[in-house]
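A.B. asks: Here you go, entry.cif (mmCIF, C-alpha atoms):
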data_structure
#
loop_
_atom_site.group_PDB
_atom_site.id
_atom_site.type_symbol
_atom_site.label_atom_id
_atom_site.label_comp_id
_atom_site.auth_asym_id
_atom_site.auth_seq_id
_atom_site.Cartn_x
_atom_site.Cartn_y
_atom_site.Cartn_z
ATOM 1 C CA PHE A 17 -0.578 -4.937 5.422
ATOM 2 C CA GLY A 18 1.002 -8.090 6.847
ATOM 3 C CA ILE A 19 -1.788 -10.365 5.561
ATOM 4 C CA ALA A 20 -0.718 -12.561 2.648
ATOM 5 C CA ALA A 21 -4.113 -14.184 2.048
ATOM 6 C CA VAL A 22 -7.469 -14.758 3.729
ATOM 7 C CA SER A 23 -9.630 -17.867 3.626
ATOM 8 C CA LYS A 24 -13.109 -18.151 5.091
ATOM 9 C CA ALA A 25 -13.213 -21.732 6.298
ATOM 10 C CA ALA A 26 -15.603 -24.155 7.947
ATOM 11 C CA VAL A 27 -13.954 -26.208 10.701
ATOM 12 C CA VAL A 28 -15.308 -29.723 11.268
ATOM 13 C CA GLU A 29 -14.266 -32.965 12.884
ATOM 14 C CA LYS A 30 -11.799 -35.169 11.002
ATOM 15 C CA ASP A 31 -14.330 -37.575 9.539
ATOM 16 C CA PHE A 32 -14.649 -37.890 5.759
ATOM 17 C CA GLU A 33 -18.443 -38.145 5.763
ATOM 18 C CA VAL A 34 -18.695 -34.951 7.795
ATOM 19 C CA ILE A 35 -16.119 -33.256 5.570
ATOM 20 C CA ALA A 36 -17.980 -34.216 2.382
ATOM 21 C CA LYS A 37 -21.406 -33.160 3.689
ATOM 22 C CA THR A 38 -20.035 -29.830 4.932
ATOM 23 C CA ALA A 39 -18.133 -29.063 1.731
ATOM 24 C CA VAL A 40 -21.205 -29.628 -0.444
ATOM 25 C CA GLU A 41 -23.357 -27.415 1.779
ATOM 26 C CA TYR A 42 -20.847 -24.764 2.891
ATOM 27 C CA LEU A 43 -19.670 -24.012 -0.647
ATOM 28 C CA GLY A 44 -23.070 -24.637 -2.209
ATOM 29 C CA GLU A 45 -23.729 -21.118 -3.509
ATOM 30 C CA THR A 46 -20.185 -20.809 -4.870
ATOM 31 C CA LEU A 47 -20.345 -24.181 -6.627
ATOM 32 C CA ALA A 48 -23.838 -23.545 -7.994
ATOM 33 C CA ASN A 49 -22.601 -20.396 -9.776
ATOM 34 C CA ALA A 50 -19.409 -21.944 -11.163
ATOM 35 C CA LYS A 51 -18.737 -24.046 -14.243
ATOM 36 C CA THR A 52 -15.455 -25.701 -13.268
ATOM 37 C CA PHE A 53 -13.816 -26.827 -10.042
ATOM 38 C CA LYS A 54 -11.152 -28.992 -8.528
ATOM 39 C CA VAL A 55 -10.455 -30.341 -5.045
ATOM 40 C CA THR A 56 -7.118 -29.796 -3.336
ATOM 41 C CA ALA A 57 -6.429 -31.732 -0.151
ATOM 42 C CA LYS A 58 -3.594 -31.272 2.323
ATOM 43 C CA ARG A 59 -3.021 -33.763 5.123
ATOM 44 C CA ALA A 60 -0.883 -32.243 7.879
ATOM 45 C CA ASP A 61 -2.184 -34.944 10.256
ATOM 46 C CA LYS A 62 -0.655 -38.097 8.781
ATOM 47 C CA ALA A 63 -2.744 -40.254 11.134
ATOM 48 C CA PHE A 64 -5.848 -39.452 9.073
ATOM 49 C CA PRO A 65 -6.691 -42.738 7.280
ATOM 50 C CA MET A 66 -7.119 -41.268 3.757
ATOM 51 C CA GLN A 67 -4.233 -39.819 1.781
ATOM 52 C CA SER A 68 -4.543 -36.452 0.035
ATOM 53 C CA PRO A 69 -5.169 -37.794 -3.531
ATOM 54 C CA GLU A 70 -7.881 -40.113 -2.222
ATOM 55 C CA ILE A 71 -9.585 -37.267 -0.343
ATOM 56 C CA SER A 72 -9.549 -35.181 -3.539
ATOM 57 C CA ARG A 73 -11.011 -37.975 -5.679
ATOM 58 C CA GLN A 74 -13.717 -38.989 -3.219
ATOM 59 C CA LEU A 75 -14.806 -35.433 -2.433
ATOM 60 C CA GLY A 76 -14.750 -34.476 -6.123
ATOM 61 C CA GLY A 77 -17.106 -37.371 -6.829
ATOM 62 C CA ARG A 78 -19.507 -36.253 -4.081
ATOM 63 C CA ILE A 79 -19.566 -32.699 -5.461
ATOM 64 C CA LEU A 80 -20.182 -33.900 -9.046
ATOM 65 C CA SER A 81 -23.052 -36.106 -7.886
ATOM 66 C CA ARG A 82 -24.704 -33.045 -6.316
ATOM 67 C CA TYR A 83 -23.875 -30.385 -8.916
ATOM 68 C CA HIS A 84 -24.285 -32.068 -12.306
ATOM 69 C CA HIS A 85 -23.411 -28.934 -14.323
ATOM 70 C CA LEU A 86 -19.851 -28.813 -12.963
ATOM 71 C CA LYS A 87 -16.774 -30.030 -14.786
ATOM 72 C CA VAL A 88 -13.363 -30.774 -13.320
ATOM 73 C CA ASP A 89 -10.538 -28.464 -14.416
ATOM 74 C CA VAL A 90 -7.295 -29.153 -12.567
ATOM 75 C CA ASN A 91 -5.374 -26.363 -14.302
ATOM 76 C CA ASN A 92 -7.610 -23.279 -14.145
ATOM 77 C CA PRO A 93 -10.762 -23.973 -12.102
ATOM 78 C CA GLU A 94 -13.258 -21.276 -11.151
ATOM 79 C CA VAL A 95 -13.476 -22.813 -7.665
ATOM 80 C CA ASN A 96 -10.684 -24.595 -5.853
ATOM 81 C CA VAL A 97 -12.237 -26.561 -2.991
ATOM 82 C CA MET A 98 -9.556 -26.757 -0.308
ATOM 83 C CA VAL A 99 -9.566 -29.398 2.434
ATOM 84 C CA GLU A 100 -6.848 -29.198 5.065
ATOM 85 C CA ILE A 101 -6.565 -31.985 7.625
ATOM 86 C CA ARG A 102 -4.852 -30.384 10.618
ATOM 87 C CA ASP A 103 -4.117 -31.451 14.170
ATOM 88 C CA TYR A 104 -7.386 -30.294 15.744
ATOM 89 C CA GLY A 105 -9.856 -30.433 12.865
ATOM 90 C CA ALA A 106 -10.527 -30.335 9.144
ATOM 91 C CA TYR A 107 -10.703 -26.961 7.405
ATOM 92 C CA ILE A 108 -12.851 -26.521 4.279
ATOM 93 C CA HIS A 109 -12.760 -23.409 2.119
ATOM 94 C CA GLY A 110 -13.143 -22.304 -1.471
ATOM 95 C CA GLY A 111 -9.724 -20.839 -2.065
ATOM 96 C CA LYS A 112 -7.967 -17.682 -0.949
ATOM 97 C CA GLU A 113 -8.487 -13.956 -1.280
ATOM 98 C CA GLN A 114 -5.128 -12.282 -1.724
ATOM 99 C CA GLY A 115 -4.145 -9.848 0.987
ATOM 100 C CA ALA A 116 -1.900 -6.821 0.597
ATOM 101 C CA GLY A 117 1.205 -8.648 1.811
ATOM 102 C CA GLY A 118 4.049 -6.660 3.316
ATOM 103 C CA MET A 119 4.572 -6.120 7.033
ATOM 104 C CA PRO A 120 2.109 -4.949 9.703
ATOM 105 C CA VAL A 121 2.190 -1.152 10.089
ATOM 106 C CA SER A 122 4.296 0.102 13.039
ATOM 107 C CA THR A 123 6.546 -2.968 13.149
ATOM 108 C CA SER A 124 9.393 -1.241 11.254
ATOM 109 C CA GLY A 125 9.691 2.097 13.008
ATOM 110 C CA LYS A 126 8.302 5.513 12.132
ATOM 111 C CA GLY A 127 9.002 7.816 9.192
ATOM 112 C CA ALA A 128 8.214 11.460 8.400
ATOM 113 C CA LEU A 129 6.657 11.830 4.958
ATOM 114 C CA MET A 130 7.273 15.088 3.086
ATOM 115 C CA LEU A 131 3.752 15.423 1.659
ATOM 116 C CA SER A 132 3.620 17.880 -1.227
ATOM 117 C CA GLY A 133 0.093 17.256 -2.452
ATOM 118 C CA GLY A 134 1.283 15.744 -5.738
ATOM 119 C CA ILE A 135 0.961 12.206 -7.070
ATOM 120 C CA ASP A 136 4.264 10.800 -5.811
ATOM 121 C CA SER A 137 4.375 11.348 -2.048
ATOM 122 C CA PRO A 138 1.149 9.448 -1.152
ATOM 123 C CA VAL A 139 2.503 6.514 -3.173
ATOM 124 C CA ALA A 140 5.777 6.731 -1.238
ATOM 125 C CA ALA A 141 3.795 6.596 2.020
ATOM 126 C CA TYR A 142 1.852 3.555 0.818
ATOM 127 C CA MET A 143 5.040 1.698 -0.104
ATOM 128 C CA MET A 144 6.774 2.399 3.219
ATOM 129 C CA ALA A 145 3.633 1.488 5.177
ATOM 130 C CA LYS A 146 3.655 -1.807 3.283
ATOM 131 C CA ARG A 147 7.116 -2.447 4.725
ATOM 132 C CA GLY A 148 5.716 -1.909 8.230
ATOM 133 C CA MET A 149 6.562 1.762 8.764
ATOM 134 C CA LYS A 150 4.300 4.044 10.782
ATOM 135 C CA ILE A 151 3.746 7.297 8.859
ATOM 136 C CA MET A 152 3.561 10.900 10.022
ATOM 137 C CA ALA A 153 3.394 13.723 7.469
ATOM 138 C CA VAL A 154 4.833 17.205 7.031
ATOM 139 C CA HIS A 155 3.358 19.645 4.517
ATOM 140 C CA PHE A 156 4.698 23.107 3.728
ATOM 141 C CA ALA A 157 2.212 25.906 3.001
ATOM 142 C CA SER A 158 3.042 29.460 1.919
ATOM 143 C CA PRO A 159 0.008 31.695 2.365
ATOM 144 C CA PRO A 160 -1.053 33.908 0.650
ATOM 145 C CA TYR A 161 0.699 32.257 -2.311
ATOM 146 C CA THR A 162 -0.928 28.903 -1.507
ATOM 147 C CA SER A 163 -4.654 28.672 -0.831
ATOM 148 C CA GLU A 164 -6.873 27.088 1.781
ATOM 149 C CA ARG A 165 -8.006 24.668 -0.914
ATOM 150 C CA ALA A 166 -4.421 23.421 -1.286
ATOM 151 C CA ARG A 167 -4.297 22.871 2.478
ATOM 152 C CA GLN A 168 -7.588 20.953 2.407
ATOM 153 C CA LYS A 169 -6.312 18.854 -0.489
ATOM 154 C CA VAL A 170 -3.444 17.575 1.675
ATOM 155 C CA ILE A 171 -5.812 16.793 4.536
ATOM 156 C CA THR A 172 -7.994 14.814 2.118
ATOM 157 C CA LEU A 173 -4.941 12.877 0.908
ATOM 158 C CA CYS A 174 -4.141 11.903 4.505
ATOM 159 C CA GLU A 175 -7.724 10.730 4.996
ATOM 160 C CA LYS A 176 -7.417 8.502 1.937
ATOM 161 C CA MET A 177 -3.998 7.189 2.964
ATOM 162 C CA LYS A 178 -5.276 6.216 6.433
ATOM 163 C CA GLU A 179 -6.882 3.076 5.013
ATOM 164 C CA TYR A 180 -3.370 1.717 4.416
ATOM 165 C CA THR A 181 -1.197 3.568 6.911
ATOM 166 C CA GLY A 182 -3.427 3.869 9.954
ATOM 167 C CA ASP A 183 -3.759 7.254 11.666
ATOM 168 C CA ILE A 184 -1.442 9.988 10.365
ATOM 169 C CA ASN A 185 -0.326 12.978 12.405
ATOM 170 C CA LEU A 186 -0.139 15.802 9.843
ATOM 171 C CA HIS A 187 2.018 18.885 10.459
ATOM 172 C CA ILE A 188 1.314 21.896 8.222
ATOM 173 C CA VAL A 189 4.321 24.230 8.343
ATOM 174 C CA PRO A 190 4.004 27.947 7.477
ATOM 175 C CA PHE A 191 6.839 28.408 4.999
ATOM 176 C CA THR A 192 6.232 31.865 3.520
ATOM 177 C CA ILE A 193 9.025 33.733 5.339
ATOM 178 C CA PRO A 194 11.838 31.231 4.590
ATOM 179 C CA GLN A 195 10.665 30.944 0.990
ATOM 180 C CA GLU A 196 10.631 34.695 0.451
ATOM 181 C CA TYR A 197 14.063 34.979 2.062
ATOM 182 C CA ILE A 198 15.516 32.372 -0.299
ATOM 183 C CA ARG A 199 13.854 34.104 -3.253
ATOM 184 C CA ASP A 200 15.253 37.493 -2.304
ATOM 185 C CA ASN A 201 18.758 36.447 -1.234
ATOM 186 C CA GLY A 202 19.634 33.242 -3.065
ATOM 187 C CA VAL A 203 20.877 32.504 -6.548
ATOM 188 C CA PRO A 204 17.769 31.977 -8.721
ATOM 189 C CA GLU A 205 19.144 28.818 -10.361
ATOM 190 C CA LEU A 206 19.599 27.232 -6.922
ATOM 191 C CA PHE A 207 16.233 28.315 -5.521
ATOM 192 C CA THR A 208 14.608 24.868 -5.628
ATOM 193 C CA VAL A 209 17.595 23.087 -4.090
ATOM 194 C CA LEU A 210 17.950 25.691 -1.310
ATOM 195 C CA MET A 211 14.226 25.489 -0.615
ATOM 196 C CA ARG A 212 14.335 21.699 -0.384
ATOM 197 C CA ARG A 213 17.342 21.807 1.948
ATOM 198 C CA SER A 214 15.390 24.138 4.226
ATOM 199 C CA MET A 215 12.368 21.838 4.109
ATOM 200 C CA MET A 216 14.555 18.837 4.926
ATOM 201 C CA ARG A 217 15.999 20.525 8.010
ATOM 202 C CA ILE A 218 12.556 21.531 9.279
ATOM 203 C CA THR A 219 11.156 18.048 8.600
ATOM 204 C CA GLU A 220 14.051 16.499 10.504
ATOM 205 C CA LYS A 221 13.297 18.635 13.573
ATOM 206 C CA ILE A 222 9.607 17.708 13.501
ATOM 207 C CA ALA A 223 10.465 14.035 12.923
ATOM 208 C CA GLU A 224 12.795 14.009 15.936
ATOM 209 C CA SER A 225 10.068 15.554 18.110
ATOM 210 C CA GLU A 226 7.706 12.697 17.156
ATOM 211 C CA GLY A 227 10.218 9.886 17.483
ATOM 212 C CA ALA A 228 10.516 9.255 13.735
ATOM 213 C CA GLU A 229 13.815 7.854 12.514
ATOM 214 C CA ALA A 230 13.715 8.566 8.779
ATOM 215 C CA ILE A 231 12.416 11.068 6.224
ATOM 216 C CA ILE A 232 10.332 9.765 3.311
ATOM 217 C CA THR A 233 10.034 11.590 -0.015
ATOM 218 C CA GLY A 234 8.328 10.910 -3.323
ATOM 219 C CA GLU A 235 11.375 11.768 -5.400
ATOM 220 C CA SER A 236 11.933 9.874 -8.653
ATOM 221 C CA LEU A 237 15.371 10.128 -10.221
ATOM 222 C CA ALA A 238 15.562 12.753 -13.007
ATOM 223 C CA GLN A 239 11.786 13.214 -13.071
ATOM 224 C CA VAL A 240 12.262 16.974 -12.606
ATOM 225 C CA ALA A 241 15.334 19.196 -12.521
ATOM 226 C CA SER A 242 15.484 19.182 -8.704
ATOM 227 C CA GLN A 243 15.725 15.383 -8.644
ATOM 228 C CA THR A 244 19.049 14.851 -10.387
ATOM 229 C CA LEU A 245 21.757 12.971 -8.512
ATOM 230 C CA ARG A 246 23.619 16.213 -7.741
ATOM 231 C CA ALA A 247 20.484 17.895 -6.416
ATOM 232 C CA ILE A 248 19.574 14.821 -4.344
ATOM 233 C CA ARG A 249 23.077 14.740 -2.863
ATOM 234 C CA ALA A 250 22.833 18.447 -1.993
ATOM 235 C CA THR A 251 19.558 17.929 -0.125
ATOM 236 C CA ASP A 252 20.810 14.773 1.616
ATOM 237 C CA LEU A 253 23.750 16.666 3.074
ATOM 238 C CA SER A 254 21.420 19.108 4.850
ATOM 239 C CA VAL A 255 20.273 16.497 7.400
ATOM 240 C CA GLU A 256 21.672 13.567 9.355
ATOM 241 C CA MET A 257 18.512 11.456 9.307
ATOM 242 C CA PRO A 258 18.281 8.761 6.589
ATOM 243 C CA ILE A 259 16.088 9.703 3.612
ATOM 244 C CA LEU A 260 13.965 6.948 2.097
ATOM 245 C CA ARG A 261 12.864 7.309 -1.538
ATOM 246 C CA PRO A 262 10.711 4.266 -2.361
ATOM 247 C CA VAL A 263 9.717 5.481 -5.856
ATOM 248 C CA ILE A 264 13.228 6.582 -6.881
ATOM 249 C CA GLY A 265 13.471 4.068 -9.746
ATOM 250 C CA MET A 266 9.869 4.291 -10.973
ATOM 251 C CA ASP A 267 8.561 6.320 -13.897
ATOM 252 C CA LYS A 268 5.408 8.444 -13.777
ATOM 253 C CA ASN A 269 3.202 5.763 -15.307
ATOM 254 C CA GLU A 270 4.206 3.232 -12.649
ATOM 255 C CA ILE A 271 3.641 5.749 -9.848
ATOM 256 C CA THR A 272 0.293 6.821 -11.304
ATOM 257 C CA GLU A 273 -0.874 3.201 -11.490
ATOM 258 C CA ILE A 274 -0.347 2.788 -7.741
ATOM 259 C CA ALA A 275 -1.939 6.195 -7.040
ATOM 260 C CA ARG A 276 -5.076 5.071 -8.864
ATOM 261 C CA LYS A 277 -5.062 1.775 -6.968
ATOM 262 C CA ILE A 278 -4.975 3.522 -3.574
ATOM 263 C CA ASP A 279 -7.478 6.204 -4.695
ATOM 264 C CA THR A 280 -5.226 9.238 -4.228
ATOM 265 C CA PHE A 281 -4.708 10.112 -7.902
ATOM 266 C CA GLU A 282 -7.827 12.221 -8.480
ATOM 267 C CA THR A 283 -7.152 14.257 -5.333
ATOM 268 C CA SER A 284 -3.467 14.681 -6.172
ATOM 269 C CA ILE A 285 -4.185 16.210 -9.582
ATOM 270 C CA LEU A 286 -6.536 18.898 -8.261
ATOM 271 C CA PRO A 287 -5.068 22.155 -9.655
ATOM 272 C CA TYR A 288 -4.192 23.947 -6.420
ATOM 273 C CA GLU A 289 -0.783 25.590 -6.040
ATOM 274 C CA ASP A 290 1.675 24.120 -3.552
ATOM 275 C CA CYS A 291 4.749 25.911 -2.258
ATOM 276 C CA CYS A 292 7.061 23.841 -4.479
ATOM 277 C CA THR A 293 5.613 25.415 -7.623
ATOM 278 C CA ILE A 294 5.701 29.095 -6.650
ATOM 279 C CA PHE A 295 8.791 31.263 -7.281
ATOM 280 C CA THR A 296 10.107 28.536 -9.588
ATOM 281 C CA PRO A 297 13.065 29.907 -11.580
ATOM 282 C CA SER A 298 13.091 29.692 -15.375
ATOM 283 C CA HIS A 299 16.292 27.574 -15.246
#
Could you express the structure from this file as structure tokens?

C.D. replies:
Amino acid sequence: FGIAAVSKAAVVEKDFEVIAKTAVEYLGETLANAKTFKVTAKRADKAFPMQSPEISRQLGGRILSRYHHLKVDVNNPEVNVMVEIRDYGAYIHGGKEQGAGGMPVSTSGKGALMLSGGIDSPVAAYMMAKRGMKIMAVHFASPPYTSERARQKVITLCEKMKEYTGDINLHIVPFTIPQEYIRDNGVPELFTVLMRRSMMRITEKIAESEGAEAIITGESLAQVASQTLRAIRATDLSVEMPILRPVIGMDKNEITEIARKIDTFETSILPYEDCCTIFTPSH
């Protein structure tokens, strides 16, 4: 994150003959395998004797004289030969590879991700990391109701997320006793909300101990009964730390598309129980 685009460029002296010779050779393999091209020139150094349109025309002619199969397509070329005349040299490259964009990780503070093991929370982590946030994770396990395989699933998700977020410090919280207490003493219809309030409070304590300044969840409005506005308000009031919900306005298809892109989807759908799905009331 933080990289808008990448170009692999050859840097040469600001002499047209050198530029033309280098462009033909440096991009030779790319041009040989293409059918169409165009030349785009940018002249930041206005002292260079040729103007941008002239550079484009002259270099295009040199390329056509070497690669006879090529045709010029100024609207949708397979290869865009870029020449940039800058202060200290001329840069030649065959276009740009798009980067991920966003902000460099760790430049926007640190957040504690509530990592359930489902599809949504890894996507939430990806989106906040893209805005420059360093991610730590908190997962709640309730043995013997949740298995070792469910625990390993969450560890695997963190391994996959690391490619985008950098290293993640994962806290796995034993939640059996609080969950059984809520089940035995709470109103069944409020079980999920009470459980989430408890999880929020615990996550806030862990976040504070690690210097995180926000809690991140994968909640999507009205996706399930515990994610209505009233339920979200009830959980928000259990903590003082801000709660970030980057997928709040997305539907499942949109979230799943990102999960597939970041390679967490197949792990997320492994059928291992997490503590959010046990003791679930009928209403």

A.B. asks: Quick one: distance from CA of Lys30 in chain A to CA of Phe64 in chain A in Å, one decimal?

C.D. replies: 7.6 Å

A.B. asks: Let me have the centre and edge lengths in Å, one decimal, of the box along x, y and z around every listed atom of range 25-44 of chain A with 3 Å of margin on each side, as AutoDock Vina command-line options.

C.D. replies:
--center_x -17.6 --center_y -29.9 --center_z 5.3 --size_x 17.6 --size_y 22.4 --size_z 21.1

A.B. asks: Nearest to Glu94 in chain A among A:Tyr107, A:Phe53, A:Tyr180, A:Tyr288, with distances taken over all atoms listed in the file: which residue is it?

C.D. replies: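 So, comparing all the options, the nearest one is A:Phe53.
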
A.B. asks: Which residue is closest to Thr46 in chain A? Choose from A:Val97, A:Arg59, A:Pro65, A:Ser72 and count all atoms listed in the file.

C.D. replies: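 Of A:Val97, A:Arg59, A:Pro65, A:Ser72, the one nearest Thr46 in chain A, counting all atoms listed in the file, is A:Val97.
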
A.B. asks: Could you name the residues that touch Gly182 in chain A at 10 Å or less, counting only C-alpha atoms, but leaving out those on the same chain fewer than 6 positions away, as a ChimeraX atom specification?

C.D. replies: /A:121-122,145,150-152,174-175

A.B. asks: From the options A:Ala247, A:Leu260, A:Ala166, A:Val22, which residue's atoms come nearest to Val209 in chain A, counting all atoms listed in the file?

C.D. replies: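 Among the listed residues, A:Ala247 lies closest to Val209 in chain A.
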
A.B. asks: Run the PyMOL selection byres ((chain A and resi 232) around 7) mentally over the shown coordinates, then write out the matched residues as an NGL selection string, using the chain letters and numbers from the document.

C.D. replies: :A and (127-130 or 230-231 or 233 or 259-261)

A.B. asks: Assuming the chain letters and numbering stay as they are in my file, what does the PyMOL selection byres ((chain A and resi 188) around 8) actually select? List them as a list in words.

C.D. replies: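 This file gives the following for the PyMOL selection byres ((chain A and resi 188) around 8): Val154, His155, Phe156, Ala157, Leu186, His187, Val189 and Pro190 of chain A.
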
A.B. asks: Give me, as a PDB file with C-alpha atoms, in the coordinates of the input, all polymer residues having an atom no more than 10 Å from Pro194 in chain A, counting all atoms listed in the file and skipping those fewer than 4 positions away in the same chain.

C.D. replies:
ATOM      1  CA  SER A 158       3.042  29.460   1.919  1.00  0.00           C
ATOM      2  CA  PRO A 190       4.004  27.947   7.477  1.00  0.00           C
ATOM      3  CA  ILE A 198      15.516  32.372  -0.299  1.00  0.00           C
ATOM      4  CA  ARG A 199      13.854  34.104  -3.253  1.00  0.00           C
ATOM      5  CA  ASP A 200      15.253  37.493  -2.304  1.00  0.00           C
ATOM      6  CA  MET A 211      14.226  25.489  -0.615  1.00  0.00           C
ATOM      7  CA  SER A 214      15.390  24.138   4.226  1.00  0.00           C
ATOM      8  CA  MET A 215      12.368  21.838   4.109  1.00  0.00           C
TER       9      MET A 215
END

A.B. asks: If we count all atoms listed in the file and set the cut-off at 8 Å, which residues sit around Glu229 in chain A, ignoring sequence neighbours fewer than 3 positions away in its own chain? Please answer as a list in words.

C.D. replies: Gly125, Lys126, Gly127, Ala128, Ala223, Glu224, Met257 and Pro258 of chain A

A.B. asks: Taking all atoms listed in the file into account, name the residue in A:Asp136, A:Glu220, A:Glu45, A:Asp31 that is nearest to Val99 in chain A.

C.D. replies: A:Asp31

A.B. asks: How many Å separate CA of Met119 in chain A from CA of Glu179 in chain A?

C.D. replies: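 Separation of CA of Met119 in chain A and CA of Glu179 in chain A: 14.8 Å.
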
A.B. asks: What's the separation between CA of Gly118 in chain A and CA of Val139 in chain A, in Å to one decimal place?

C.D. replies: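 Separating CA of Gly118 in chain A from CA of Val139 in chain A is a distance of 14.8 Å.
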
A.B. asks: Using only C-alpha atoms, find each residue of range 74-153 of chain A with at least one atom at most 12 Å away from an atom of range 66-70 of chain A; report its shortest atom-to-atom pair and that distance in Å (one decimal), sort the rows by chain and rising residue number, and return the result as a tab-separated table.

C.D. replies:
residue	atom	partner	partner_atom	distance
A:Gln74	CA	A:Glu70	CA	6.0
A:Leu75	CA	A:Glu70	CA	8.4
A:Gly76	CA	A:Glu70	CA	9.7
A:Gly77	CA	A:Glu70	CA	10.7
A:Met98	CA	A:Ser68	CA	10.9
A:Val99	CA	A:Ser68	CA	9.0
A:Glu100	CA	A:Ser68	CA	9.1
A:Ile101	CA	A:Ser68	CA	9.0

A.B. asks: With the PyMOL selection byres ((chain A and resi 146) around 9) as the selection, what would be picked from this file? Answer as a list of chain:residue names, please.

C.D. replies: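 So the PyMOL selection byres ((chain A and resi 146) around 9), applied here, picks out A:Phe17, A:Gly18, A:Ala116, A:Gly117, A:Gly118, A:Met119, A:Pro120, A:Val121, A:Ala141, A:Tyr142, A:Met143, A:Met144, A:Ala145, A:Arg147, A:Gly148, A:Met149, A:Tyr180, A:Thr181.
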
A.B. asks: For range 84-89 of chain A in the structure I just supplied, write out all heavy atoms - as a PDB file, in the first residue's frame.

C.D. replies:
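What ended up in part-v3.pdb:
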ATOM      1  N   HIS A  84       8.594  -3.896 -38.118  1.00  0.00           N
ATOM      2  CA  HIS A  84       7.709  -3.612 -39.242  1.00  0.00           C
ATOM      3  C   HIS A  84       6.277  -4.109 -39.017  1.00  0.00           C
ATOM      4  O   HIS A  84       5.351  -3.641 -39.686  1.00  0.00           O
ATOM      5  CB  HIS A  84       8.277  -4.238 -40.520  1.00  0.00           C
ATOM      6  CG  HIS A  84       9.655  -3.785 -40.838  1.00  0.00           C
ATOM      7  ND1 HIS A  84       9.939  -2.486 -41.226  1.00  0.00           N
ATOM      8  CD2 HIS A  84      10.854  -4.447 -40.804  1.00  0.00           C
ATOM      9  CE1 HIS A  84      11.252  -2.368 -41.443  1.00  0.00           C
ATOM     10  NE2 HIS A  84      11.827  -3.534 -41.182  1.00  0.00           N
ATOM     11  N   HIS A  85       6.101  -5.060 -38.095  1.00  0.00           N
ATOM     12  CA  HIS A  85       4.763  -5.622 -37.852  1.00  0.00           C
ATOM     13  C   HIS A  85       3.889  -4.690 -37.012  1.00  0.00           C
ATOM     14  O   HIS A  85       2.673  -4.875 -36.940  1.00  0.00           O
ATOM     15  CB  HIS A  85       4.880  -6.966 -37.140  1.00  0.00           C
ATOM     16  CG  HIS A  85       5.374  -6.853 -35.721  1.00  0.00           C
ATOM     17  ND1 HIS A  85       6.704  -6.582 -35.418  1.00  0.00           N
ATOM     18  CD2 HIS A  85       4.730  -6.929 -34.533  1.00  0.00           C
ATOM     19  CE1 HIS A  85       6.844  -6.533 -34.103  1.00  0.00           C
ATOM     20  NE2 HIS A  85       5.663  -6.736 -33.540  1.00  0.00           N
ATOM     21  N   LEU A  86       4.482  -3.698 -36.385  1.00  0.00           N
ATOM     22  CA  LEU A  86       3.734  -2.835 -35.462  1.00  0.00           C
ATOM     23  C   LEU A  86       2.870  -1.821 -36.210  1.00  0.00           C
ATOM     24  O   LEU A  86       3.204  -1.383 -37.308  1.00  0.00           O
ATOM     25  CB  LEU A  86       4.703  -2.079 -34.546  1.00  0.00           C
ATOM     26  CG  LEU A  86       5.325  -2.870 -33.397  1.00  0.00           C
ATOM     27  CD1 LEU A  86       6.366  -2.014 -32.694  1.00  0.00           C
ATOM     28  CD2 LEU A  86       4.260  -3.334 -32.400  1.00  0.00           C
ATOM     29  N   LYS A  87       1.762  -1.469 -35.576  1.00  0.00           N
ATOM     30  CA  LYS A  87       0.919  -0.384 -36.047  1.00  0.00           C
ATOM     31  C   LYS A  87       0.720   0.612 -34.916  1.00  0.00           C
ATOM     32  O   LYS A  87       0.718   0.240 -33.737  1.00  0.00           O
ATOM     33  CB  LYS A  87      -0.440  -0.919 -36.512  1.00  0.00           C
ATOM     34  CG  LYS A  87      -0.357  -1.783 -37.759  1.00  0.00           C
ATOM     35  CD  LYS A  87      -1.742  -2.208 -38.213  1.00  0.00           C
ATOM     36  CE  LYS A  87      -1.649  -3.042 -39.495  1.00  0.00           C
ATOM     37  NZ  LYS A  87      -3.008  -3.473 -39.959  1.00  0.00           N
ATOM     38  N   VAL A  88       0.533   1.858 -35.265  1.00  0.00           N
ATOM     39  CA  VAL A  88       0.305   2.897 -34.261  1.00  0.00           C
ATOM     40  C   VAL A  88      -1.181   2.919 -33.889  1.00  0.00           C
ATOM     41  O   VAL A  88      -2.051   2.921 -34.761  1.00  0.00           O
ATOM     42  CB  VAL A  88       0.732   4.277 -34.796  1.00  0.00           C
ATOM     43  CG1 VAL A  88       0.384   5.363 -33.777  1.00  0.00           C
ATOM     44  CG2 VAL A  88       2.224   4.281 -35.087  1.00  0.00           C
ATOM     45  N   ASP A  89      -1.445   2.916 -32.595  1.00  0.00           N
ATOM     46  CA  ASP A  89      -2.815   3.049 -32.079  1.00  0.00           C
ATOM     47  C   ASP A  89      -2.757   4.035 -30.914  1.00  0.00           C
ATOM     48  O   ASP A  89      -2.306   3.688 -29.824  1.00  0.00           O
ATOM     49  CB  ASP A  89      -3.356   1.701 -31.615  1.00  0.00           C
ATOM     50  CG  ASP A  89      -4.813   1.771 -31.158  1.00  0.00           C
ATOM     51  OD1 ASP A  89      -5.311   2.891 -30.918  1.00  0.00           O
ATOM     52  OD2 ASP A  89      -5.455   0.713 -31.028  1.00  0.00           O
TER      53      ASP A  89
END
